[in-house]
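*Asks:* upload_14.txt is reproduced in full below (compact mmCIF, C-alpha atoms and all ligand atoms).
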# COMPACT_ATOMS: atom_id res chain seq x y z
CA MET A 37 0.00 0.00 0.00
CA SER A 38 1.52 3.28 -1.04
CA VAL A 39 1.26 6.59 0.77
CA PHE A 40 -0.14 8.50 -2.19
CA GLN A 41 -2.30 5.65 -3.54
CA ASN A 42 -5.25 7.99 -4.04
CA LEU A 43 -3.22 10.42 -6.08
CA PRO A 44 -2.41 9.81 -9.75
CA ARG A 45 0.70 10.21 -11.83
CA ILE A 46 0.40 13.83 -12.99
CA PRO A 47 -0.25 14.11 -16.74
CA TYR A 48 0.21 17.12 -19.01
CA GLU A 49 -3.25 18.15 -20.21
CA GLY A 50 -2.59 21.63 -21.61
CA PRO A 51 -3.90 25.13 -20.81
CA LYS A 52 -7.56 24.25 -21.38
CA SER A 53 -7.59 21.59 -18.68
CA LYS A 54 -9.46 22.30 -15.44
CA ASN A 55 -8.09 19.19 -13.76
CA PRO A 56 -6.28 20.33 -10.58
CA LEU A 57 -4.08 17.22 -10.76
CA ALA A 58 -2.69 17.91 -14.23
CA PHE A 59 -0.01 20.17 -15.67
CA LYS A 60 -1.35 22.99 -17.82
CA TYR A 61 2.03 24.30 -19.03
CA TYR A 62 4.79 21.90 -17.95
CA ASP A 63 5.13 19.56 -20.87
CA ALA A 64 8.43 17.79 -20.13
CA GLY A 65 9.26 16.89 -23.73
CA ARG A 66 8.28 20.21 -25.36
CA VAL A 67 11.26 21.85 -27.04
CA ILE A 68 11.92 25.53 -26.34
CA LEU A 69 14.93 27.29 -27.85
CA GLY A 70 16.51 23.96 -28.75
CA LYS A 71 16.14 22.13 -25.42
CA THR A 72 13.28 20.26 -23.78
CA MET A 73 11.44 21.81 -20.86
CA LYS A 74 12.81 19.03 -18.69
CA GLU A 75 16.36 19.99 -19.64
CA HIS A 76 15.79 23.70 -19.02
CA LEU A 77 13.95 23.18 -15.76
CA ARG A 78 15.75 20.66 -13.59
CA PHE A 79 13.16 20.66 -10.83
CA ALA A 80 14.11 19.38 -7.40
CA MET A 81 12.19 18.44 -4.27
CA ALA A 82 13.40 19.89 -0.95
CA TRP A 83 13.39 17.01 1.55
CA TRP A 84 12.88 19.39 4.49
CA HIS A 85 9.72 21.15 3.37
CA ASN A 86 8.03 18.39 1.48
CA LEU A 87 8.79 15.38 3.65
CA SER A 88 9.50 16.88 7.06
CA ALA A 89 7.69 20.20 7.65
CA THR A 90 4.25 19.89 9.19
CA GLY A 91 3.31 23.56 9.35
CA VAL A 92 4.60 24.28 12.86
CA ASP A 93 4.86 28.02 13.41
CA MET A 94 5.57 30.33 16.33
CA PHE A 95 1.94 30.25 17.40
CA GLY A 96 0.88 26.69 16.82
CA SER A 97 1.75 23.09 16.17
CA GLY A 98 1.71 21.28 12.87
CA THR A 99 -1.39 20.78 10.77
CA ALA A 100 -0.04 18.32 8.20
CA ASP A 101 0.52 14.63 8.82
CA LYS A 102 3.95 13.68 7.52
CA ALA A 103 4.24 10.36 9.31
CA PHE A 104 3.69 8.62 5.95
CA GLY A 105 2.45 5.53 7.71
CA ALA A 106 5.25 5.22 10.28
CA GLU A 107 4.06 4.42 13.79
CA LYS A 108 6.32 7.02 15.39
CA THR A 109 8.03 10.05 13.91
CA GLY A 110 11.65 10.80 14.75
CA THR A 111 12.62 7.13 14.24
CA MET A 112 14.59 5.32 11.56
CA ALA A 113 11.33 3.63 10.48
CA HIS A 114 9.96 7.13 9.87
CA ALA A 115 13.16 8.12 8.03
CA ARG A 116 12.61 5.16 5.68
CA ALA A 117 8.90 5.99 5.30
CA LYS A 118 9.94 9.48 4.19
CA VAL A 119 12.24 7.99 1.55
CA ASP A 120 9.40 5.79 0.25
CA ALA A 121 6.98 8.73 0.21
CA GLY A 122 9.54 11.05 -1.42
CA PHE A 123 10.34 8.63 -4.24
CA GLU A 124 6.67 7.93 -4.94
CA PHE A 125 5.99 11.68 -4.91
CA MET A 126 8.88 12.52 -7.29
CA ASP A 127 7.95 9.67 -9.59
CA LYS A 128 4.30 10.76 -9.83
CA LEU A 129 5.26 14.37 -10.59
CA GLY A 130 8.14 13.58 -12.95
CA ILE A 131 10.68 15.29 -10.68
CA GLU A 132 14.19 13.94 -11.15
CA TYR A 133 16.18 15.66 -8.39
CA PHE A 134 16.09 16.10 -4.63
CA CYS A 135 17.99 18.27 -2.13
CA PHE A 136 18.61 17.45 1.52
CA HIS A 137 20.17 18.50 4.82
CA ASP A 138 21.73 15.75 6.91
CA ALA A 139 19.10 16.42 9.58
CA ASP A 140 16.25 15.95 7.09
CA LEU A 141 17.29 12.37 6.41
CA VAL A 142 17.63 10.93 9.92
CA PRO A 143 16.86 12.01 13.47
CA GLU A 144 19.99 13.29 15.21
CA ALA A 145 21.32 10.84 17.84
CA ASP A 146 23.13 11.62 21.11
CA THR A 147 26.54 11.04 19.56
CA LEU A 148 28.01 11.98 16.19
CA GLU A 149 29.08 8.37 15.69
CA GLU A 150 25.51 7.11 15.93
CA THR A 151 24.11 9.93 13.76
CA ASN A 152 26.71 9.08 11.12
CA ARG A 153 25.79 5.41 11.30
CA ARG A 154 22.15 6.33 10.74
CA LEU A 155 23.17 8.45 7.76
CA ASP A 156 25.04 5.47 6.31
CA GLU A 157 21.95 3.32 6.75
CA ILE A 158 19.55 5.79 5.13
CA THR A 159 21.85 6.66 2.23
CA ASP A 160 22.17 2.92 1.51
CA TYR A 161 18.38 2.79 1.44
CA ILE A 162 18.15 5.85 -0.85
CA THR A 163 20.85 4.46 -3.16
CA ALA A 164 18.86 1.25 -3.53
CA LYS A 165 15.70 3.28 -4.26
CA MET A 166 17.47 5.34 -6.91
CA LYS A 167 18.41 2.23 -8.88
CA GLY A 168 16.22 1.80 -11.94
CA THR A 169 14.82 5.35 -11.70
CA SER A 170 16.12 8.58 -13.19
CA ILE A 171 15.98 10.30 -9.79
CA LYS A 172 19.24 11.91 -8.65
CA CYS A 173 20.56 14.18 -5.93
CA LEU A 174 20.87 17.85 -6.94
CA TRP A 175 22.65 18.99 -3.79
CA GLY A 176 23.25 18.17 -0.19
CA THR A 177 24.02 20.30 2.83
CA ALA A 178 24.47 20.16 6.59
CA ASN A 179 21.96 21.67 8.99
CA LEU A 180 24.20 23.97 11.04
CA PHE A 181 21.45 26.12 12.49
CA SER A 182 18.70 24.13 14.26
CA ASN A 183 20.53 22.52 17.18
CA PRO A 184 21.03 24.90 20.16
CA ARG A 185 24.81 24.39 19.87
CA TYR A 186 24.64 26.60 16.78
CA MET A 187 23.01 29.54 18.56
CA ASN A 188 26.03 31.73 17.67
CA GLY A 189 26.54 30.22 14.25
CA ALA A 190 28.74 27.37 13.02
CA GLY A 191 31.73 28.75 11.12
CA SER A 192 31.13 32.03 12.94
CA SER A 193 30.75 30.45 16.39
CA ASN A 194 32.82 31.76 19.29
CA SER A 195 33.28 28.14 20.42
CA VAL A 196 36.03 26.03 18.88
CA ASP A 197 34.14 22.86 19.93
CA VAL A 198 31.07 23.97 18.03
CA TYR A 199 33.28 24.86 15.05
CA CYS A 200 34.70 21.30 15.08
CA HIS A 201 31.23 19.79 15.37
CA ALA A 202 30.22 21.80 12.30
CA ALA A 203 33.31 20.52 10.47
CA ALA A 204 32.31 16.95 11.34
CA GLN A 205 28.79 17.47 10.01
CA ILE A 206 30.05 19.07 6.79
CA LYS A 207 32.48 16.18 6.27
CA LYS A 208 29.70 13.62 6.65
CA ALA A 209 27.21 15.63 4.56
CA LEU A 210 29.83 15.78 1.80
CA ASP A 211 30.33 12.00 2.06
CA CYS A 212 26.55 11.52 1.71
CA THR A 213 26.31 13.97 -1.19
CA VAL A 214 29.07 12.17 -3.09
CA LYS A 215 27.55 8.77 -2.30
CA LEU A 216 24.19 9.95 -3.71
CA GLY A 217 25.85 11.43 -6.83
CA GLY A 218 24.98 15.02 -5.92
CA ILE A 219 26.07 17.70 -8.37
CA GLY A 220 26.31 20.44 -5.76
CA TYR A 221 26.98 21.15 -2.10
CA VAL A 222 25.31 24.15 -0.46
CA PHE A 223 26.33 26.48 2.33
CA TRP A 224 23.38 28.48 3.55
CA GLY A 225 24.81 30.56 6.40
CA GLY A 226 21.76 30.09 8.61
CA ARG A 227 23.20 31.68 11.73
CA GLU A 228 26.46 32.95 10.24
CA GLY A 229 25.91 36.54 11.28
CA TYR A 230 25.18 38.47 14.43
CA GLU A 231 22.51 39.78 16.73
CA THR A 232 24.63 42.68 18.03
CA LEU A 233 28.05 44.06 17.13
CA LEU A 234 28.59 44.69 20.85
CA ASN A 235 29.64 41.04 21.30
CA THR A 236 30.96 40.31 17.81
CA ASP A 237 34.40 40.26 16.15
CA MET A 238 33.20 40.42 12.57
CA LYS A 239 36.63 39.98 10.95
CA PHE A 240 37.45 36.95 13.12
CA GLU A 241 34.13 35.32 12.29
CA GLN A 242 34.37 35.89 8.54
CA GLU A 243 37.92 34.53 8.44
CA ASN A 244 36.78 31.42 10.28
CA ILE A 245 33.87 30.87 7.89
CA ALA A 246 36.26 31.14 4.94
CA SER A 247 38.66 28.63 6.55
CA LEU A 248 35.84 26.15 7.07
CA MET A 249 34.82 26.52 3.42
CA LYS A 250 38.42 26.03 2.29
CA MET A 251 38.67 22.84 4.34
CA ALA A 252 35.38 21.64 2.85
CA VAL A 253 36.65 22.23 -0.69
CA LYS A 254 39.91 20.41 0.07
CA TYR A 255 38.11 17.45 1.61
CA GLY A 256 35.39 17.36 -1.06
CA ARG A 257 37.93 17.28 -3.88
CA SER A 258 39.90 14.57 -2.04
CA ILE A 259 36.89 12.23 -2.03
CA GLY A 260 36.10 12.83 -5.69
CA PHE A 261 33.46 15.55 -5.48
CA GLU A 262 33.64 17.31 -8.85
CA GLY A 263 30.50 19.44 -8.55
CA ASP A 264 30.05 23.02 -7.45
CA PHE A 265 30.02 24.37 -3.94
CA PHE A 266 27.31 26.98 -3.55
CA ILE A 267 26.75 29.88 -1.19
CA GLU A 268 23.05 30.66 -0.76
CA PRO A 269 22.79 34.37 0.11
CA LYS A 270 20.21 35.61 2.63
CA PRO A 271 20.30 38.98 4.41
CA LYS A 272 18.62 38.14 7.70
CA GLU A 273 16.43 35.59 9.53
CA PRO A 274 17.16 33.91 11.77
CA MET A 275 19.97 36.38 12.58
CA LYS A 276 19.50 40.14 12.53
CA HIS A 277 22.32 40.38 9.99
CA GLN A 278 23.79 37.54 7.95
CA TYR A 279 27.18 37.81 6.29
CA ASP A 280 26.00 36.31 2.97
CA PHE A 281 23.64 39.25 2.62
CA ASP A 282 23.03 39.07 -1.13
CA ALA A 283 24.71 37.95 -4.35
CA ALA A 284 27.05 40.94 -4.57
CA THR A 285 28.21 40.61 -0.95
CA SER A 286 28.74 36.86 -1.29
CA ILE A 287 30.76 37.24 -4.49
CA GLY A 288 32.99 39.81 -2.75
CA PHE A 289 33.52 37.38 0.13
CA LEU A 290 34.34 34.45 -2.16
CA ARG A 291 36.86 36.54 -4.11
CA GLN A 292 38.45 37.97 -0.98
CA TYR A 293 39.24 34.50 0.30
CA GLY A 294 40.13 32.89 -3.04
CA LEU A 295 37.06 30.62 -3.02
CA ASP A 296 35.54 31.87 -6.27
CA LYS A 297 36.90 29.04 -8.43
CA ASP A 298 35.15 26.31 -6.46
CA PHE A 299 32.01 28.19 -5.46
CA LYS A 300 28.99 29.49 -7.35
CA LEU A 301 25.78 30.95 -5.95
CA ASN A 302 22.45 29.31 -5.19
CA ILE A 303 20.01 32.20 -5.58
CA GLU A 304 16.73 31.97 -3.67
CA ALA A 305 13.88 34.23 -4.79
CA ASN A 306 12.54 34.98 -1.32
CA HIS A 307 16.05 35.74 0.00
CA ALA A 308 16.66 38.27 -2.78
CA THR A 309 13.44 40.11 -1.97
CA LEU A 310 14.28 40.11 1.75
CA ALA A 311 17.55 41.85 0.77
CA GLY A 312 15.54 44.58 -0.93
CA HIS A 313 16.23 43.28 -4.44
CA THR A 314 14.13 41.61 -7.07
CA PHE A 315 14.80 37.93 -7.76
CA GLN A 316 15.88 39.03 -11.24
CA HIS A 317 18.43 41.44 -9.77
CA ASP A 318 20.29 38.80 -7.79
CA LEU A 319 20.22 36.40 -10.74
CA ARG A 320 21.70 39.14 -12.93
CA VAL A 321 24.43 39.95 -10.40
CA ALA A 322 25.37 36.27 -10.19
CA ALA A 323 25.22 35.79 -13.97
CA ILE A 324 27.36 38.78 -14.97
CA ASN A 325 30.03 37.60 -12.54
CA GLY A 326 30.00 34.05 -13.90
CA MET A 327 28.65 32.81 -10.57
CA LEU A 328 25.13 31.66 -11.41
CA GLY A 329 24.95 28.13 -10.08
CA SER A 330 21.55 26.98 -8.96
CA VAL A 331 18.21 28.38 -7.83
CA ASP A 332 15.92 27.91 -4.85
CA ALA A 333 12.60 28.46 -6.56
CA ASN A 334 9.98 30.02 -4.33
CA GLN A 335 8.40 33.39 -3.67
CA GLY A 336 7.82 35.64 -0.70
CA ASP A 337 5.03 37.98 0.26
CA LEU A 338 6.13 41.57 -0.15
CA LEU A 339 3.84 42.65 2.69
CA LEU A 340 5.61 40.33 5.14
CA GLY A 341 9.18 40.80 6.33
CA TRP A 342 10.17 37.16 6.56
CA ASP A 343 10.93 34.12 4.45
CA THR A 344 7.49 32.70 3.67
CA ASP A 345 8.86 30.11 1.20
CA GLN A 346 5.73 30.00 -0.93
CA PHE A 347 5.38 28.01 -4.12
CA PRO A 348 6.06 30.36 -7.03
CA SER A 349 2.88 31.58 -8.72
CA ASN A 350 3.89 35.03 -9.97
CA VAL A 351 4.47 34.45 -13.66
CA TYR A 352 5.91 37.91 -14.19
CA GLU A 353 8.68 36.97 -11.74
CA THR A 354 9.26 33.47 -13.10
CA THR A 355 9.45 34.96 -16.60
CA MET A 356 12.08 37.52 -15.65
CA ALA A 357 13.97 34.78 -13.76
CA MET A 358 13.92 32.44 -16.77
CA TYR A 359 14.91 35.38 -18.99
CA GLU A 360 18.08 35.82 -16.88
CA ILE A 361 18.74 32.07 -16.80
CA LEU A 362 18.31 31.67 -20.58
CA LYS A 363 20.55 34.68 -21.23
CA ALA A 364 23.18 33.18 -18.95
CA GLY A 365 23.14 29.97 -21.01
CA GLY A 366 21.19 27.93 -18.44
CA LEU A 367 21.86 26.75 -14.92
CA ARG A 368 24.69 24.47 -13.85
CA GLY A 369 22.38 23.25 -11.09
CA GLY A 370 18.59 23.22 -11.09
CA LEU A 371 15.40 24.67 -9.65
CA ASN A 372 14.89 23.43 -6.13
CA PHE A 373 11.44 24.12 -4.69
CA ASP A 374 12.53 25.49 -1.34
CA ALA A 375 8.82 26.01 -0.80
CA LYS A 376 6.12 24.77 1.52
CA ASN A 377 2.37 24.64 1.50
CA ARG A 378 0.53 27.27 3.54
CA ARG A 379 -0.38 25.95 6.99
CA PRO A 380 -4.09 25.50 6.15
CA SER A 381 -3.19 23.55 2.98
CA TYR A 382 -2.38 20.42 4.93
CA THR A 383 -3.41 17.43 2.80
CA HIS A 384 -1.40 15.12 0.57
CA GLU A 385 -3.33 16.54 -2.37
CA ASP A 386 -2.07 20.01 -1.39
CA MET A 387 1.51 18.71 -1.58
CA PHE A 388 0.88 17.71 -5.20
CA GLU A 389 -0.93 20.95 -6.02
CA GLY A 390 1.93 23.03 -4.59
CA PHE A 391 4.41 21.38 -6.96
CA ILE A 392 2.01 21.55 -9.89
CA LEU A 393 1.66 25.30 -9.27
CA GLY A 394 5.42 25.80 -9.01
CA MET A 395 6.29 23.67 -12.04
CA ASP A 396 3.58 25.25 -14.19
CA SER A 397 4.62 28.75 -13.12
CA PHE A 398 8.21 28.11 -14.17
CA ALA A 399 7.13 26.38 -17.38
CA LEU A 400 4.99 29.40 -18.25
CA GLY A 401 7.90 31.65 -17.27
CA LEU A 402 10.16 29.69 -19.63
CA ILE A 403 7.64 29.96 -22.49
CA LYS A 404 7.24 33.72 -21.97
CA ALA A 405 10.96 34.37 -21.49
CA ALA A 406 11.71 32.56 -24.75
CA ALA A 407 8.99 34.64 -26.43
CA LEU A 408 10.58 37.84 -25.07
CA ILE A 409 13.95 36.82 -26.47
CA GLU A 410 12.45 35.80 -29.82
CA ASP A 411 10.46 39.03 -29.96
CA GLY A 412 13.78 40.86 -29.70
CA ARG A 413 12.48 44.34 -28.89
CA ILE A 414 13.94 44.43 -25.38
CA ASP A 415 17.38 43.20 -26.48
CA GLU A 416 17.39 45.57 -29.41
CA PHE A 417 16.52 48.52 -27.21
CA VAL A 418 19.25 47.72 -24.69
CA ARG A 419 21.80 47.29 -27.46
CA ASP A 420 20.88 50.59 -29.10
CA ARG A 421 20.85 52.41 -25.79
CA TYR A 422 24.64 52.15 -25.57
CA ALA A 423 25.25 52.80 -29.27
CA SER A 424 27.15 56.02 -28.58
CA PHE A 425 30.01 53.86 -27.29
CA SER A 426 30.47 52.21 -30.69
CA GLY A 427 32.36 55.23 -32.04
CA GLU A 428 36.13 55.62 -31.85
CA LEU A 429 36.16 57.36 -28.49
CA GLY A 430 33.66 54.93 -26.98
CA GLN A 431 35.71 51.96 -28.12
CA LYS A 432 38.83 53.45 -26.58
CA ILE A 433 36.99 53.81 -23.26
CA ARG A 434 35.67 50.26 -23.47
CA SER A 435 39.12 48.82 -24.09
CA GLY A 436 40.62 50.77 -21.21
CA LYS A 437 42.93 52.80 -23.45
CA ALA A 438 41.45 56.26 -22.95
CA THR A 439 42.94 58.90 -20.67
CA LEU A 440 41.12 61.45 -18.59
CA GLU A 441 42.92 64.29 -20.39
CA GLU A 442 41.81 62.98 -23.77
CA LEU A 443 38.17 62.71 -22.67
CA ALA A 444 38.28 66.14 -21.09
CA GLY A 445 39.65 67.51 -24.38
CA ALA A 446 36.84 65.86 -26.34
CA ALA A 447 34.25 67.30 -23.94
CA VAL A 448 35.66 70.82 -24.23
CA LYS A 449 35.64 70.52 -28.01
CA LYS A 450 32.00 69.42 -27.98
CA GLY A 451 31.01 72.37 -25.78
CA SER A 452 28.16 70.67 -23.92
CA ALA A 453 26.96 67.07 -23.81
CA PRO A 454 23.49 66.57 -25.33
CA LEU A 455 20.92 64.73 -23.18
CA PRO A 456 21.26 60.95 -23.49
CA GLY A 457 18.45 59.04 -25.23
CA SER A 458 15.21 58.35 -23.34
CA GLY A 459 15.09 55.26 -21.11
CA ARG A 460 11.58 54.52 -22.46
CA GLN A 461 10.61 52.40 -19.47
CA GLU A 462 6.89 52.71 -20.17
CA TYR A 463 7.34 51.55 -23.75
CA LEU A 464 9.36 48.52 -22.56
CA GLU A 465 6.81 47.60 -19.91
CA GLY A 466 4.21 47.74 -22.67
CA VAL A 467 6.33 45.35 -24.77
CA ILE A 468 6.27 42.87 -21.89
CA ASN A 469 2.48 43.11 -21.64
CA ASP A 470 2.25 42.67 -25.37
CA VAL A 471 4.40 39.52 -25.32
CA PHE A 472 2.36 38.20 -22.39
CA PHE A 473 -1.12 38.99 -23.55
CA GLY A 474 -0.94 40.18 -27.18
CA GLY A 475 -2.24 38.10 -30.04
C1 LIG B 501 16.54 28.86 4.57
C2 LIG B 501 16.92 28.15 3.34
C3 LIG B 501 17.56 26.80 3.52
C4 LIG B 501 18.62 26.50 2.52
C5 LIG B 501 19.38 25.23 2.79
O1 LIG B 501 16.03 30.12 4.35
O2 LIG B 501 16.69 28.63 2.25
O3 LIG B 501 16.57 25.85 3.49
O4 LIG B 501 18.08 26.42 1.23
O5 LIG B 501 19.98 25.21 4.02
CO CO B 502 16.90 27.92 0.33
What does this structure look like when you write it as structure tokens?
*Replies:*
Amino acid sequence: MSVFQNLPRIPYEGPKSKNPLAFKYYDAGRVILGKTMKEHLRFAMAWWHNLSATGVDMFGSGTADKAFGAEKTGTMAHARAKVDAGFEFMDKLGIEYFCFHDADLVPEADTLEETNRRLDEITDYITAKMKGTSIKCLWGTANLFSNPRYMNGAGSSNSVDVYCHAAAQIKKALDCTVKLGGIGYVFWGGREGYETLLNTDMKFEQENIASLMKMAVKYGRSIGFEGDFFIEPKPKEPMKHQYDFDAATSIGFLRQYGLDKDFKLNIEANHATLAGHTFQHDLRVAAINGMLGSVDANQGDLLLGWDTDQFPSNVYETTMAMYEILKAGGLRGGLNFDAKNRRPSYTHEDMFEGFILGMDSFALGLIKAAALIEDGRIDEFVRDRYASFSGELGQKIRSGKATLEELAGAAVKKGSAPLPGSGRQEYLEGVINDVFFGG
């Protein structure tokens, strides 16, 4: 008897379908700009939200039953039930990747030795499940933020014992990621930041975080991990200030400590908006620096100041995201739904409908982003906007050969600079509406 026996394999039925358990836009085999939707959109399931989170919040206990038939949660029998449920779920939705924290897979034991043994047991079980399917691991990570020992961070902790414990967890999480064939390893600096500068040596903490990352790279490469390490920027929550504030800050950090060859960024939509940026902005910053790695696909609520981790539904946003991703030549990683159902959406059917919403929203975003690129008006406008630099002087500036004296001379000769061309924002926003809704 399977957990989701009352739920079907999700078919593609097209935009006219009213069937809540069917895709309207995600048609895995449909070719867009030379690649199938499945190739463009490497969707992944987040073990923590989908298989573990029950809807607990600050004011109340869980509403969703995620026991998946196990008699008791927090046991190895439950850990295995989650694997069974997860694989059935991914299979029925046509999702080929999953992401995990060590703590999502097994309950933490009293000793590291026993926790590691449990991880060996469950990863054996997952490896066996993966056989004969096309399901793979997108990335793994270590949970270095839930246990009270991490109250002051992991790499940024003031305690050398806590720092070592974090190192041990990272080592094991890397072992598990490699064992499961993961193509990435993520560092989300959950509590790598501060509550008050009054008790914080910021330089000390950042140097320690960098050292931990360097050790992780060295160890990872030594056990044959060839994938990317990712930093996942987030400005705040749970800490008041987190060091990996946004894409630009994280890139500066990686370059400062010589980590930029091994690391890329995992950009999460809701983290970008918490930093006061659009999702598109952080994708652009990562892309133009050659650091666009993977994406945590979700959306926030702009009226709320925290990470609501909602399934993406805003097609304007998914379109602009896919526009950036297509322009960057695609993702090295994939699109992980770091997203959870709202607390009152607590049934198994809601789990399916959350993913259908997210997958359809990104499929529609892909279709519209490709249409924007094929339409060409936006690209053409941006190209023409800088046309004044195609002349002799402009080319000299672009190639770094111009001098300030020379430019000053040219300006004096000209007398006064004419106004630059209009930015035509309203026209361009109209083009987007036209591509979205025009005939
Ligand atoms: C938290 C968050 C994490 C990371 C992995 O905001 O996004 O789930 O994705 O640690
Ligand atoms: Co995330």
*Asks:* Taking only C-alpha atoms and all ligand atoms into account, report as a PyMOL selection string which residues have an atom no farther than 9 Å from an atom of ligand LIG 501 (chain B).
*Replies:* chain A and resi 82+84-85+135-137+176-181+222-226+268-270+273-274+302+304+306-307+332+343-345+372+374-375
*Asks:* Using the selection just defined, write its residues with C-alpha atoms as a short mmCIF file (atom, residue, chain, number, x, y, z; two decimals), in the frame of the given file.
*Replies:*
data_model
loop_
_atom_site.label_atom_id
_atom_site.label_comp_id
_atom_site.auth_asym_id
_atom_site.auth_seq_id
_atom_site.Cartn_x
_atom_site.Cartn_y
_atom_site.Cartn_z
CA ALA A 82 13.40 19.89 -0.95
CA TRP A 84 12.88 19.39 4.49
CA HIS A 85 9.72 21.15 3.37
CA CYS A 135 17.99 18.27 -2.13
CA PHE A 136 18.61 17.45 1.52
CA HIS A 137 20.17 18.50 4.82
CA GLY A 176 23.25 18.17 -0.19
CA THR A 177 24.02 20.30 2.83
CA ALA A 178 24.47 20.16 6.59
CA ASN A 179 21.96 21.67 8.99
CA LEU A 180 24.20 23.97 11.04
CA PHE A 181 21.45 26.12 12.49
CA VAL A 222 25.31 24.15 -0.46
CA PHE A 223 26.33 26.48 2.33
CA TRP A 224 23.38 28.48 3.55
CA GLY A 225 24.81 30.56 6.40
CA GLY A 226 21.76 30.09 8.61
CA GLU A 268 23.05 30.66 -0.76
CA PRO A 269 22.79 34.37 0.11
CA LYS A 270 20.21 35.61 2.63
CA GLU A 273 16.43 35.59 9.53
CA PRO A 274 17.16 33.91 11.77
CA ASN A 302 22.45 29.31 -5.19
CA GLU A 304 16.73 31.97 -3.67
CA ASN A 306 12.54 34.98 -1.32
CA HIS A 307 16.05 35.74 0.00
CA ASP A 332 15.92 27.91 -4.85
CA ASP A 343 10.93 34.12 4.45
CA THR A 344 7.49 32.70 3.67
CA ASP A 345 8.86 30.11 1.20
CA ASN A 372 14.89 23.43 -6.13
CA ASP A 374 12.53 25.49 -1.34
CA ALA A 375 8.82 26.01 -0.80
#
*Asks:* Env of Glu231 of chain A: 7 Å cut, atoms = only C-alpha atoms, seq-sep filter 4 positions within chain, self excluded. Answer as a PyMOL selection string.
*Replies:* chain A and resi 275-277
*Asks:* Could you check the closest approach to Phe391 of chain A for each of A:Met73, A:Met126, A:Ala202, A:Ala311 and tell me which residue wins, using all atoms listed in the file?
*Replies:*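 So, comparing all the options, the nearest one is A:Met126.
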*Asks:* Please provide as a ChimeraX atom specification all residues within 10 Å of segment 141-146 of chain A, with the sequence filter that same-chain residues fewer than 2 positions apart are discarded (counting only C-alpha atoms).
*Replies:* /A:83-84,87-88,109-116,118-119,136-139,148-159,162,183
*Asks:* Please, which residues are within 12 Å of (6.1, 20.0, -20.6) by the file's coordinates, counting all atoms listed in the file, and could they come as a VMD selection string?
*Replies:* chain A and resid 46 to 51 58 to 68 71 to 78 129 to 131 392 395 to 400 402 to 403
*Asks:* Could the centre and edge lengths of an axis-aligned box, enclosing all atoms of segment 192-205 of chain A in the file with 3 Å extra on each side, be given in Å to one decimal as AutoDock Vina command-line options?
*Replies:*
--center_x 32.4 --center_y 24.5 --center_z 15.2 --size_x 13.2 --size_y 21.1 --size_z 16.4
*Asks:* Given all atoms listed in the file as the basis, pick out the residue of A:Val448, A:Ala284, A:Ile303, A:Ile245 nearest to ligand CO 502 (chain B).
*Replies:*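 Once distances to ligand CO 502 (chain B) are computed over all atoms listed in the file, the minimum belongs to A:Ile303.
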*Asks:* Skip segment 213-217 of chain A itself and residues of its chain fewer than 3 positions away, then list as number ranges by chain all residues within 9 Å of it, counting all atoms listed in the file.
*Replies:* A: 136, 159-160, 162-163, 166, 172-177, 208-210, 220-221, 256, 259-262
*Asks:* Between atom CA of Ala103 of chain A and atom CA of Arg227 of chain A, measure the distance and give it in Å to one decimal.
*Replies:*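 It comes out at 28.6 Å.
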*Asks:* Under the rule that only C-alpha atoms and all ligand atoms are counted, which of A:Asn334, A:Ser97, A:Thr383, A:Asn244 is the nearest residue to ligand CO 502 (chain B)?
*Replies:*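 For ligand CO 502 (chain B), the nearest of the given residues is A:Asn334.
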*Asks:* Could you name the residues that touch Gln346 of chain A at 8 Å or less, counting only C-alpha atoms, but leaving out those on the same chain fewer than 4 positions away, as a PyMOL selection string?
*Replies:* chain A and resi 334-336+375-378
*Asks:* May I ask which of the residues A:Val467, A:Thr169, A:Asp140, A:Lys254 is the closest one to Ser182 of chain A, counting only C-alpha atoms?
*Replies:*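 Going through A:Val467, A:Thr169, A:Asp140, A:Lys254 one by one, the smallest distance to Ser182 of chain A is for A:Asp140.
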*Asks:* Give me, please, the distance in Å between atom CA of Gly70 of chain A and atom CA of Arg45 of chain A, quoted to one decimal.
*Replies:*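 Atom CA of Gly70 of chain A sits 26.9 Å away from atom CA of Arg45 of chain A.
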*Asks:* Could you pull the residues within 9 Å of Arg379 of chain A, counting only C-alpha atoms, minus those fewer than 2 positions along the same chain, as a PyMOL selection string?
*Replies:* chain A and resi 90-93+98-100+376-377+381-382
*Asks:* Hey, which of A:Ser247, A:Pro184, A:Lys239, A:Ala305 ends up closest to ligand CO 502 (chain B)? Count only C-alpha atoms and all ligand atoms.
*Replies:*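 Ranking A:Ser247, A:Pro184, A:Lys239, A:Ala305 by distance to ligand CO 502 (chain B), first place goes to A:Ala305.
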*Asks:* Identify which of the residues A:Ser452, A:Ser330, A:Ser286, A:Gln278 lies closest to ligand CO 502 (chain B), counting all atoms listed in the file when measuring atom-to-atom distances.
*Replies:*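 For ligand CO 502 (chain B), the nearest of the given residues is A:Ser330.
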*Asks:* Would you compute the distance between atom CA of Phe289 of chain A and atom CA of Ala308 of chain A? Give it in Å to one decimal.
*Replies:* 17.1 Å
